[in-house]
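Coordinates from input27.cif are shown below (mmCIF, C-alpha atoms).
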data_work
loop_
_atom_site.group_PDB
_atom_site.id
_atom_site.type_symbol
_atom_site.label_atom_id
_atom_site.label_comp_id
_atom_site.auth_asym_id
_atom_site.auth_seq_id
_atom_site.Cartn_x
_atom_site.Cartn_y
_atom_site.Cartn_z
ATOM 1 C CA MET A 1 -6.444 23.206 6.323
ATOM 2 C CA ASN A 2 -4.574 24.001 3.132
ATOM 3 C CA ILE A 3 -6.097 21.405 0.826
ATOM 4 C CA ALA A 4 -3.877 22.163 -2.179
ATOM 5 C CA LEU A 5 -0.700 21.911 -0.149
ATOM 6 C CA PHE A 6 -1.923 18.751 1.574
ATOM 7 C CA SER A 7 -2.661 17.209 -1.850
ATOM 8 C CA ILE A 8 0.835 18.033 -3.093
ATOM 9 C CA LEU A 9 2.429 16.544 0.025
ATOM 10 C CA PHE A 10 0.219 13.471 -0.242
ATOM 11 C CA PHE A 11 1.224 13.052 -3.886
ATOM 12 C CA VAL A 12 4.920 13.346 -2.986
ATOM 13 C CA PHE A 13 4.290 10.738 -0.288
ATOM 14 C CA LEU A 14 2.708 8.418 -2.886
ATOM 15 C CA ILE A 15 5.439 8.755 -5.549
ATOM 16 C CA PRO A 16 7.521 5.765 -4.293
ATOM 17 C CA GLY A 17 4.374 3.603 -4.372
ATOM 18 C CA ILE A 18 3.517 4.812 -7.872
ATOM 19 C CA LEU A 19 7.041 4.026 -9.094
ATOM 20 C CA PHE A 20 7.053 0.634 -7.380
ATOM 21 C CA ARG A 21 3.825 -0.269 -9.166
ATOM 22 C CA ARG A 22 5.017 1.159 -12.481
ATOM 23 C CA PHE A 23 8.171 -0.975 -12.436
ATOM 24 C CA TYR A 24 6.384 -4.055 -11.111
ATOM 25 C CA PHE A 25 3.963 -4.031 -14.048
ATOM 26 C CA THR A 26 6.331 -3.770 -16.993
ATOM 27 C CA ALA A 27 6.635 -5.315 -20.465
ATOM 28 C CA GLU A 28 3.875 -7.852 -21.164
ATOM 29 C CA PHE A 29 2.067 -6.949 -17.954
ATOM 30 C CA SER A 30 2.306 -3.171 -18.299
ATOM 31 C CA LYS A 31 -1.372 -2.706 -19.138
ATOM 32 C CA GLU A 32 -2.302 -3.944 -15.689
ATOM 33 C CA TYR A 33 -0.745 -0.787 -14.275
ATOM 34 C CA PHE A 34 -3.581 1.283 -15.715
ATOM 35 C CA LYS A 35 -6.364 -1.182 -15.131
ATOM 36 C CA SER A 36 -7.303 -0.668 -11.518
ATOM 37 C CA SER A 37 -10.185 1.289 -10.101
ATOM 38 C CA TYR A 38 -9.286 4.500 -8.254
ATOM 39 C CA PHE A 39 -9.685 2.740 -4.922
ATOM 40 C CA GLU A 40 -7.458 -0.176 -5.993
ATOM 41 C CA LEU A 41 -4.929 2.252 -7.448
ATOM 42 C CA LEU A 42 -4.831 4.275 -4.239
ATOM 43 C CA LEU A 43 -4.524 1.177 -2.089
ATOM 44 C CA SER A 44 -1.867 -0.437 -4.266
ATOM 45 C CA THR A 45 0.244 2.729 -4.223
ATOM 46 C CA PHE A 46 -0.481 3.880 -0.671
ATOM 47 C CA LEU A 47 0.563 0.615 0.989
ATOM 48 C CA PRO A 48 3.963 0.275 -0.722
ATOM 49 C CA ALA A 49 4.565 4.026 -0.329
ATOM 50 C CA THR A 50 3.892 3.760 3.421
ATOM 51 C CA LEU A 51 6.205 0.764 3.674
ATOM 52 C CA PHE A 52 8.979 2.550 1.792
ATOM 53 C CA HIS A 53 8.683 5.636 3.973
ATOM 54 C CA LEU A 54 8.678 3.531 7.143
ATOM 55 C CA LEU A 55 11.737 1.684 5.866
ATOM 56 C CA GLY A 56 13.431 4.922 4.797
ATOM 57 C CA GLY A 57 12.591 6.617 8.096
ATOM 58 C CA THR A 58 14.024 3.693 10.046
ATOM 59 C CA ILE A 59 17.206 3.631 7.969
ATOM 60 C CA ILE A 60 17.940 7.335 8.330
ATOM 61 C CA TYR A 61 17.147 7.161 12.040
ATOM 62 C CA VAL A 62 19.426 4.145 12.620
ATOM 63 C CA PHE A 63 22.312 5.270 10.416
ATOM 64 C CA PHE A 64 22.118 9.062 10.585
ATOM 65 C CA GLY A 65 20.248 9.661 13.837
ATOM 66 C CA TYR A 66 17.775 11.874 11.982
ATOM 67 C CA GLU A 67 14.150 11.727 13.026
ATOM 68 C CA PHE A 68 11.169 12.853 11.002
ATOM 69 C CA ASP A 69 9.403 15.853 12.438
ATOM 70 C CA TYR A 70 5.816 15.084 11.474
ATOM 71 C CA SER A 71 4.534 18.082 13.368
ATOM 72 C CA LEU A 72 5.957 20.292 10.593
ATOM 73 C CA PHE A 73 3.545 18.735 8.092
ATOM 74 C CA ILE A 74 0.611 19.290 10.427
ATOM 75 C CA GLU A 75 1.668 22.893 11.007
ATOM 76 C CA LEU A 76 2.054 23.412 7.294
ATOM 77 C CA THR A 77 -1.304 21.949 6.287
ATOM 78 C CA GLU A 78 -3.059 23.811 9.097
ATOM 79 C CA LYS A 79 -1.445 27.049 7.900
ATOM 80 C CA LYS A 80 0.343 27.561 11.204
ATOM 81 C CA VAL A 81 3.541 28.144 9.263
ATOM 82 C CA SER A 82 4.124 29.250 5.697
ATOM 83 C CA ALA A 83 5.837 26.995 3.179
ATOM 84 C CA ILE A 84 8.699 29.513 2.842
ATOM 85 C CA SER A 85 9.390 29.585 6.552
ATOM 86 C CA LEU A 86 9.176 25.803 6.681
ATOM 87 C CA ILE A 87 11.763 25.503 3.920
ATOM 88 C CA GLN A 88 14.014 27.862 5.853
ATOM 89 C CA LYS A 89 13.323 26.004 9.082
ATOM 90 C CA SER A 90 13.856 22.486 7.798
ATOM 91 C CA SER A 91 16.543 20.997 5.648
ATOM 92 C CA ILE A 92 14.820 20.911 2.273
ATOM 93 C CA PHE A 93 17.936 19.610 0.537
ATOM 94 C CA LYS A 94 18.030 16.539 2.800
ATOM 95 C CA ALA A 95 14.323 15.956 2.196
ATOM 96 C CA ILE A 96 14.829 16.035 -1.594
ATOM 97 C CA ILE A 97 17.762 13.613 -1.378
ATOM 98 C CA TYR A 98 15.712 11.331 0.889
ATOM 99 C CA ASN A 99 12.777 11.303 -1.522
ATOM 100 C CA LEU A 100 15.019 10.702 -4.527
ATOM 101 C CA VAL A 101 16.708 7.751 -2.809
ATOM 102 C CA ILE A 102 13.364 6.272 -1.765
ATOM 103 C CA CYS A 103 12.009 6.686 -5.306
ATOM 104 C CA VAL A 104 15.024 4.976 -6.893
ATOM 105 C CA LEU A 105 14.830 2.205 -4.284
ATOM 106 C CA ALA A 106 11.108 1.690 -4.943
ATOM 107 C CA SER A 107 11.681 1.496 -8.714
ATOM 108 C CA ILE A 108 14.494 -1.036 -8.365
ATOM 109 C CA LEU A 109 12.558 -3.151 -5.872
ATOM 110 C CA GLY A 110 9.441 -3.140 -8.051
ATOM 111 C CA TYR A 111 11.414 -4.293 -11.061
ATOM 112 C CA ARG A 112 13.455 -6.865 -9.136
ATOM 113 C CA LEU A 113 10.347 -8.294 -7.477
ATOM 114 C CA LYS A 114 8.755 -8.817 -10.868
ATOM 115 C CA GLN A 115 11.943 -10.460 -12.144
ATOM 116 C CA LEU A 116 12.063 -12.798 -9.131
ATOM 117 C CA ILE A 117 8.418 -13.779 -9.490
ATOM 118 C CA ARG A 118 8.902 -14.489 -13.187
ATOM 119 C CA LYS A 119 12.260 -16.243 -12.767
ATOM 120 C CA TYR A 120 11.029 -18.662 -10.132
ATOM 121 C CA LYS A 121 7.641 -18.993 -11.891
ATOM 122 C CA LEU A 122 5.843 -18.021 -8.706
ATOM 123 C CA ASP A 123 3.044 -16.387 -10.687
ATOM 124 C CA ARG A 124 2.369 -19.719 -12.359
ATOM 125 C CA LYS A 125 2.458 -21.664 -9.094
ATOM 126 C CA TYR A 126 0.421 -19.288 -6.938
ATOM 127 C CA LYS A 127 -2.790 -17.664 -8.120
ATOM 128 C CA LEU A 128 -2.294 -14.801 -5.684
ATOM 129 C CA LEU A 129 0.813 -13.655 -7.554
ATOM 130 C CA ARG A 130 -0.629 -14.169 -11.008
ATOM 131 C CA TYR A 131 -0.811 -11.216 -13.366
ATOM 132 C CA LYS A 132 -4.132 -10.301 -14.893
ATOM 133 C CA ASN A 133 -2.859 -10.712 -18.449
ATOM 134 C CA GLU A 134 -4.330 -14.203 -18.866
ATOM 135 C CA TRP A 135 -3.643 -14.087 -22.605
ATOM 136 C CA HIS A 136 0.076 -14.028 -21.972
ATOM 137 C CA TYR A 137 -0.094 -17.301 -20.057
ATOM 138 C CA LEU A 138 -2.291 -18.797 -22.735
ATOM 139 C CA VAL A 139 -0.408 -17.795 -25.868
ATOM 140 C CA THR A 140 3.064 -18.469 -24.466
ATOM 141 C CA GLY A 141 2.043 -21.856 -23.099
ATOM 142 C CA GLU A 142 2.922 -20.800 -19.549
ATOM 143 C CA ILE A 143 -0.534 -22.037 -18.633
ATOM 144 C CA LEU A 144 0.986 -25.530 -18.848
ATOM 145 C CA ASP A 145 2.977 -24.742 -15.692
ATOM 146 C CA PHE A 146 -0.158 -23.976 -13.694
ATOM 147 C CA PRO A 147 -0.985 -26.503 -10.984
ATOM 148 C CA ASN A 148 -3.090 -29.422 -12.258
ATOM 149 C CA VAL A 149 -2.401 -28.608 -15.913
ATOM 150 C CA PRO A 150 -0.436 -31.347 -17.694
ATOM 151 C CA GLY A 151 2.658 -30.373 -19.643
ATOM 152 C CA GLU A 152 5.589 -28.049 -19.269
ATOM 153 C CA ALA A 153 5.914 -24.644 -20.905
ATOM 154 C CA SER A 154 9.664 -24.999 -21.432
ATOM 155 C CA THR A 155 9.098 -27.871 -23.861
ATOM 156 C CA VAL A 156 6.868 -25.833 -26.190
ATOM 157 C CA ASP A 157 8.525 -25.054 -29.518
ATOM 158 C CA PHE A 158 5.590 -23.398 -31.263
ATOM 159 C CA VAL A 159 1.867 -22.797 -30.865
ATOM 160 C CA TRP A 160 -0.550 -23.857 -33.554
ATOM 161 C CA VAL A 161 -3.718 -21.781 -33.761
ATOM 162 C CA ASP A 162 -7.084 -22.379 -35.376
ATOM 163 C CA LEU A 163 -9.297 -19.331 -35.643
ATOM 164 C CA LEU A 164 -12.955 -19.530 -36.518
ATOM 165 C CA VAL A 165 -13.864 -16.312 -38.277
ATOM 166 C CA GLN A 166 -17.299 -15.216 -39.427
ATOM 167 C CA THR A 167 -17.313 -13.474 -42.806
ATOM 168 C CA THR A 168 -20.027 -12.474 -45.228
ATOM 169 C CA GLU A 169 -18.890 -15.411 -47.395
ATOM 170 C CA GLY A 170 -19.388 -17.888 -44.563
ATOM 171 C CA THR A 171 -17.469 -19.236 -41.599
ATOM 172 C CA ILE A 172 -13.775 -19.681 -42.318
ATOM 173 C CA ILE A 173 -11.133 -21.543 -40.332
ATOM 174 C CA TYR A 174 -7.674 -20.009 -40.408
ATOM 175 C CA THR A 175 -4.809 -22.120 -39.137
ATOM 176 C CA GLY A 176 -1.217 -21.084 -38.587
ATOM 177 C CA VAL A 177 1.647 -20.576 -36.220
ATOM 178 C CA LEU A 178 1.140 -17.988 -33.508
ATOM 179 C CA SER A 179 3.531 -15.064 -33.931
ATOM 180 C CA ASP A 180 2.287 -12.326 -31.640
ATOM 181 C CA TYR A 181 -0.723 -10.730 -30.010
ATOM 182 C CA VAL A 182 -1.834 -7.274 -28.912
ATOM 183 C CA LEU A 183 -3.999 -6.627 -25.884
ATOM 184 C CA SER A 184 -6.960 -4.292 -25.959
ATOM 185 C CA LYS A 185 -7.571 -1.520 -23.445
ATOM 186 C CA GLU A 186 -9.848 -3.823 -21.464
ATOM 187 C CA ASN A 187 -7.098 -6.466 -21.144
ATOM 188 C CA GLY A 188 -8.862 -8.589 -23.762
ATOM 189 C CA LEU A 189 -7.246 -9.613 -27.014
ATOM 190 C CA ASP A 190 -7.259 -6.909 -29.664
ATOM 191 C CA ARG A 191 -5.292 -8.475 -32.508
ATOM 192 C CA ILE A 192 -3.570 -11.742 -33.137
ATOM 193 C CA TYR A 193 -0.721 -12.361 -35.591
ATOM 194 C CA LEU A 194 -0.340 -15.697 -37.339
ATOM 195 C CA GLY A 195 2.334 -16.948 -39.693
ATOM 196 C CA GLU A 196 2.114 -19.662 -42.371
ATOM 197 C CA VAL A 197 -1.649 -19.260 -42.558
ATOM 198 C CA VAL A 198 -3.944 -21.594 -44.441
ATOM 199 C CA ARG A 199 -7.687 -21.022 -44.696
ATOM 200 C CA ARG A 200 -10.628 -23.271 -45.428
ATOM 201 C CA TYR A 201 -14.385 -23.076 -45.162
ATOM 202 C CA LEU A 202 -15.909 -24.700 -42.092
ATOM 203 C CA SER A 203 -18.622 -26.169 -44.312
ATOM 204 C CA ASP A 204 -15.921 -28.101 -46.230
ATOM 205 C CA ASP A 205 -14.787 -29.959 -43.109
ATOM 206 C CA GLY A 206 -16.963 -33.000 -43.782
ATOM 207 C CA ASN A 207 -15.764 -33.332 -47.385
ATOM 208 C CA LYS A 208 -12.942 -35.686 -48.171
ATOM 209 C CA LYS A 209 -11.590 -33.292 -50.773
ATOM 210 C CA ARG A 210 -11.651 -30.121 -48.749
ATOM 211 C CA LYS A 211 -9.971 -27.119 -50.311
ATOM 212 C CA GLU A 212 -7.302 -25.243 -48.427
ATOM 213 C CA TYR A 213 -5.752 -21.972 -49.503
ATOM 214 C CA ALA A 214 -2.337 -20.888 -48.318
ATOM 215 C CA MET A 215 -2.199 -17.208 -47.512
ATOM 216 C CA PRO A 216 0.841 -15.394 -48.895
ATOM 217 C CA GLY A 217 2.792 -13.044 -46.633
ATOM 218 C CA ASN A 218 4.811 -13.341 -43.450
ATOM 219 C CA PHE A 219 2.070 -12.522 -40.975
ATOM 220 C CA MET A 220 -1.682 -12.327 -41.083
ATOM 221 C CA VAL A 221 -3.348 -10.016 -38.595
ATOM 222 C CA PHE A 222 -6.755 -10.895 -37.177
ATOM 223 C CA PRO A 223 -8.809 -8.336 -35.286
ATOM 224 C CA PHE A 224 -10.088 -10.449 -32.411
ATOM 225 C CA GLY A 225 -13.552 -8.890 -32.623
ATOM 226 C CA ASN A 226 -14.199 -10.963 -35.775
ATOM 227 C CA VAL A 227 -13.050 -14.216 -34.208
ATOM 228 C CA ILE A 228 -15.758 -16.574 -32.968
ATOM 229 C CA ASN A 229 -13.378 -18.862 -31.113
ATOM 230 C CA MET A 230 -9.745 -19.852 -30.983
ATOM 231 C CA ASN A 231 -8.114 -23.239 -30.611
ATOM 232 C CA LEU A 232 -4.525 -23.370 -29.362
ATOM 233 C CA THR A 233 -2.267 -26.412 -29.535
ATOM 234 C CA TYR A 234 1.223 -26.485 -28.071
ATOM 235 C CA TYR A 235 3.810 -28.501 -29.938
ATOM 236 C CA GLN A 236 7.275 -29.752 -29.267
ATOM 237 C CA ILE A 237 9.574 -30.590 -32.166
ATOM 238 C CA GLU A 238 10.991 -33.927 -31.206
ATOM 239 C CA ASP A 239 13.605 -34.676 -33.759
ATOM 240 C CA ASP A 240 14.511 -32.714 -36.775
ATOM 241 C CA ASP A 241 17.532 -32.687 -38.944
ATOM 242 C CA ILE A 242 17.684 -28.884 -38.888
ATOM 243 C CA ASN A 243 20.681 -28.633 -41.117
ATOM 244 C CA GLY A 244 19.405 -31.283 -43.462
ATOM 245 C CA MET B 1 8.004 -7.923 -32.952
ATOM 246 C CA ARG B 2 8.091 -9.421 -29.473
ATOM 247 C CA LYS B 3 9.119 -13.054 -29.450
ATOM 248 C CA LEU B 4 6.675 -15.475 -27.916
ATOM 249 C CA VAL B 5 7.149 -19.203 -27.485
ATOM 250 C CA GLN B 6 8.650 -19.844 -30.853
ATOM 251 C CA SER B 7 11.906 -21.639 -30.104
ATOM 252 C CA LYS B 8 15.061 -21.296 -32.179
ATOM 253 C CA LYS B 9 14.362 -24.718 -33.594
ATOM 254 C CA ALA B 10 10.866 -23.666 -34.710
ATOM 255 C CA THR B 11 12.105 -20.351 -36.076
ATOM 256 C CA LYS B 12 14.695 -22.140 -38.182
ATOM 257 C CA ILE B 13 12.065 -24.475 -39.590
ATOM 258 C CA LEU B 14 9.637 -21.637 -40.242
ATOM 259 C CA SER B 15 12.262 -19.731 -42.180
ATOM 260 C CA ASN B 16 12.690 -22.676 -44.525
ATOM 261 C CA PRO B 17 9.722 -22.968 -46.939
ATOM 262 C CA GLY B 18 10.470 -26.612 -47.661
ATOM 263 C CA LYS B 19 10.408 -27.476 -43.958
ATOM 264 C CA VAL B 20 7.250 -25.472 -43.302
ATOM 265 C CA VAL B 21 5.319 -27.814 -45.593
ATOM 266 C CA HIS B 22 6.515 -30.779 -43.528
ATOM 267 C CA LEU B 23 5.746 -29.002 -40.267
ATOM 268 C CA ARG B 24 2.190 -28.393 -41.385
ATOM 269 C CA LYS B 25 1.873 -31.985 -42.553
ATOM 270 C CA ALA B 26 3.297 -33.266 -39.249
ATOM 271 C CA VAL B 27 0.716 -31.234 -37.332
ATOM 272 C CA GLU B 28 -2.046 -32.625 -39.545
ATOM 273 C CA VAL B 29 -0.825 -36.176 -38.961
ATOM 274 C CA GLU B 30 -0.737 -35.559 -35.198
ATOM 275 C CA ARG B 31 -4.283 -34.272 -35.241
ATOM 276 C CA LYS B 32 -5.527 -37.284 -37.110
ATOM 277 C CA SER B 33 -3.690 -39.720 -34.859
ATOM 278 C CA ALA B 34 -6.058 -40.851 -32.158
ATOM 279 C CA ASN B 35 -3.648 -41.938 -29.437
ATOM 280 C CA THR B 36 -0.035 -41.216 -30.225
ATOM 281 C CA ASN B 37 -0.097 -37.404 -29.981
ATOM 282 C CA THR B 38 2.780 -37.333 -32.418
ATOM 283 C CA GLY B 39 3.002 -36.588 -36.100
ATOM 284 C CA LYS B 40 5.828 -37.012 -38.561
ATOM 285 C CA SER B 41 6.490 -35.712 -42.012
ATOM 286 C CA GLY B 42 9.849 -35.712 -43.737
ATOM 287 C CA THR B 43 12.480 -35.137 -41.096
ATOM 288 C CA ILE B 44 10.108 -33.302 -38.796
ATOM 289 C CA LYS B 45 8.406 -34.991 -35.880
ATOM 290 C CA VAL B 46 6.085 -33.065 -33.588
ATOM 291 C CA ARG B 47 4.561 -33.999 -30.247
ATOM 292 C CA ARG B 48 1.611 -32.320 -28.617
ATOM 293 C CA VAL B 49 2.614 -30.827 -25.280
ATOM 294 C CA GLY B 50 0.315 -31.407 -22.354
ATOM 295 C CA ALA B 51 -1.601 -34.280 -23.878
ATOM 296 C CA ILE B 52 -2.384 -37.011 -21.398
#
Please re-express this file's structure in structure tokens.
Amino acid sequence: MNIALFSILFFVFLIPGILFRRFYFTAEFSKEYFKSSYFELLLSTFLPATLFHLLGGTIIYVFFGYEFDYSLFIELTEKKVSAISLIQKSSIFKAIIYNLVICVLASILGYRLKQLIRKYKLDRKYKLLRYKNEWHYLVTGEILDFPNVPGEASTVDFVWVDLLVQTTEGTIIYTGVLSDYVLSKENGLDRIYLGEVVRRYLSDDGNKKRKEYAMPGNFMVFPFGNVINMNLTYYQIEDDDING
Amino acid sequence: MRKLVQSKKATKILSNPGKVVHLRKAVEVERKSANTNTGKSGTIKVRRVGAI
């Protein structure tokens, strides 16, 4: 068996599955695309790829009366025919067009499926469909839409964060409005951005006259490795004379 | 920077230094209130989401 040729053909077979996965895990969930083990990766690309090829094969059979000749692949990998003679024998142009169409279809479906799941909040309702980026659900307040969690994410106007940070000077509490976050390679939190930050010493918390220091600047960046714990509170602004 | 849950209303308040002071104060009042889950300062009133 021609292992190299078989590997190339297998890779071409997997491309629609790879694209489907790539477009399914986009934007805030894109890191999940890289996070699987090799077995998971193979399974999660092989299954959709097989489905797309079955679907594609059915469509071209029904609409164009063209049937796949699988024996050609077996002949090719078993070196019964050369690749050149196979290209001459089969319609390589049609095969390229077929693969391109399947790849585009897989990309669109992957992206649309993600959009549908997000639009109808299915990932929040069903654990099976939930993305592994738990921080996204937490920092955006989407966790409030999970079953058995009181509240509604759509009512959240801003997230107030308290960070307990250990420094050489002592333990400091930083409070502020959550602005953004960055995930680490391991899908943990790498950095967190806060706005309107005020800091105080934890040891001052019992004192009536505790000192607070406002931090200048638009955003303060906290490497999450230094953070002992984080307290998130979701707030709704009820009435405000915005123009006042 | 990617926008998270900050609503337009919150963004407008946060871009106004005078209002930010009241927002902070309103949050402090809410945290000190035992049962109401609301806090008010100036024209700004906040309510904790998800509090039972």
Listed atoms of stretch 193-197 of chain A boxed along x, y and z, 6 Å each side, centre and edge lengths in Å, one decimal, as JSON:
{"center_x": 0.3, "center_y": -16.0, "center_z": -39.1, "size_x": 16.0, "size_y": 19.3, "size_z": 19.0}
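Using only C-alpha atoms, the nearest neighbour of B:Lys9 within the list B:Ile44, B:Ala26, B:Val49, B:Ala34 is B:Ile44.
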For the structure shown, which residues end up in the PyMOL selection byres ((chain B) within 6 of (chain A))? Put them as a PDB file with C-alpha atoms, in the frame of the given file, please?
ATOM      1  CA  LEU B   4       6.675 -15.475 -27.916  1.00  0.00           C
ATOM      2  CA  VAL B   5       7.149 -19.203 -27.485  1.00  0.00           C
ATOM      3  CA  GLN B   6       8.650 -19.844 -30.853  1.00  0.00           C
ATOM      4  CA  SER B   7      11.906 -21.639 -30.104  1.00  0.00           C
ATOM      5  CA  ALA B  10      10.866 -23.666 -34.710  1.00  0.00           C
ATOM      6  CA  THR B  43      12.480 -35.137 -41.096  1.00  0.00           C
ATOM      7  CA  ILE B  44      10.108 -33.302 -38.796  1.00  0.00           C
ATOM      8  CA  LYS B  45       8.406 -34.991 -35.880  1.00  0.00           C
ATOM      9  CA  VAL B  46       6.085 -33.065 -33.588  1.00  0.00           C
ATOM     10  CA  ARG B  47       4.561 -33.999 -30.247  1.00  0.00           C
ATOM     11  CA  ARG B  48       1.611 -32.320 -28.617  1.00  0.00           C
ATOM     12  CA  VAL B  49       2.614 -30.827 -25.280  1.00  0.00           C
ATOM     13  CA  GLY B  50       0.315 -31.407 -22.354  1.00  0.00           C
TER      14      GLY B  50
END
Review point. Can you tell me, as a count of residues only, what residues are no more than 10 Å from A:Leu19 when counting only C-alpha atoms, ignoring any on the same chain fewer than 4 positions away?
Key: 18
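Between atom CA of A:Ser91 and atom CA of A:Leu42 lies a distance of 28.9 Å.
You will find atom CA of A:Asn229 at 9.9 Å from atom CA of A:Ile173.
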Review point. Between atom CA of A:Arg22 and atom CA of A:Gly57, what is the distance, to one decimal in Å?
Key: 22.6 Å
Exercise for review: Point out the residue among A:Trp135, A:Phe64, A:Phe29, A:Tyr213 with the least atom-to-atom distance to A:Lys114, counting all atoms listed in the file.
Suggested key: A:Phe29
Could I get stretch 43-55 of chain A rebuilt with N, CA and C atoms, written as a PDB file, in the coordinates of the input?
ATOM      1  N   LEU A  43      -4.962   2.176  -3.074  1.00  0.00           N
ATOM      2  CA  LEU A  43      -4.524   1.177  -2.089  1.00  0.00           C
ATOM      3  C   LEU A  43      -3.189   0.562  -2.496  1.00  0.00           C
ATOM      4  N   SER A  44      -3.087   0.242  -3.806  1.00  0.00           N
ATOM      5  CA  SER A  44      -1.867  -0.437  -4.266  1.00  0.00           C
ATOM      6  C   SER A  44      -0.676   0.506  -4.357  1.00  0.00           C
ATOM      7  N   THR A  45      -0.899   1.813  -4.281  1.00  0.00           N
ATOM      8  CA  THR A  45       0.244   2.729  -4.223  1.00  0.00           C
ATOM      9  C   THR A  45       0.476   3.225  -2.801  1.00  0.00           C
ATOM     10  N   PHE A  46      -0.607   3.365  -2.037  1.00  0.00           N
ATOM     11  CA  PHE A  46      -0.481   3.880  -0.671  1.00  0.00           C
ATOM     12  C   PHE A  46       0.274   2.896   0.231  1.00  0.00           C
ATOM     13  N   LEU A  47      -0.079   1.610   0.120  1.00  0.00           N
ATOM     14  CA  LEU A  47       0.563   0.615   0.989  1.00  0.00           C
ATOM     15  C   LEU A  47       2.071   0.516   0.749  1.00  0.00           C
ATOM     16  N   PRO A  48       2.506   0.313  -0.521  1.00  0.00           N
ATOM     17  CA  PRO A  48       3.963   0.275  -0.722  1.00  0.00           C
ATOM     18  C   PRO A  48       4.641   1.599  -0.362  1.00  0.00           C
ATOM     19  N   ALA A  49       3.972   2.722  -0.656  1.00  0.00           N
ATOM     20  CA  ALA A  49       4.565   4.026  -0.329  1.00  0.00           C
ATOM     21  C   ALA A  49       4.774   4.132   1.181  1.00  0.00           C
ATOM     22  N   THR A  50       3.772   3.715   1.952  1.00  0.00           N
ATOM     23  CA  THR A  50       3.892   3.760   3.421  1.00  0.00           C
ATOM     24  C   THR A  50       5.043   2.876   3.884  1.00  0.00           C
ATOM     25  N   LEU A  51       5.122   1.689   3.301  1.00  0.00           N
ATOM     26  CA  LEU A  51       6.205   0.764   3.674  1.00  0.00           C
ATOM     27  C   LEU A  51       7.572   1.357   3.362  1.00  0.00           C
ATOM     28  N   PHE A  52       7.689   1.961   2.176  1.00  0.00           N
ATOM     29  CA  PHE A  52       8.979   2.550   1.792  1.00  0.00           C
ATOM     30  C   PHE A  52       9.357   3.705   2.706  1.00  0.00           C
ATOM     31  N   HIS A  53       8.374   4.512   3.084  1.00  0.00           N
ATOM     32  CA  HIS A  53       8.683   5.636   3.973  1.00  0.00           C
ATOM     33  C   HIS A  53       9.022   5.147   5.379  1.00  0.00           C
ATOM     34  N   LEU A  54       8.341   4.094   5.820  1.00  0.00           N
ATOM     35  CA  LEU A  54       8.678   3.531   7.143  1.00  0.00           C
ATOM     36  C   LEU A  54      10.101   2.967   7.129  1.00  0.00           C
ATOM     37  N   LEU A  55      10.398   2.269   6.020  1.00  0.00           N
ATOM     38  CA  LEU A  55      11.737   1.684   5.866  1.00  0.00           C
ATOM     39  C   LEU A  55      12.793   2.794   5.783  1.00  0.00           C
TER      40      LEU A  55
END
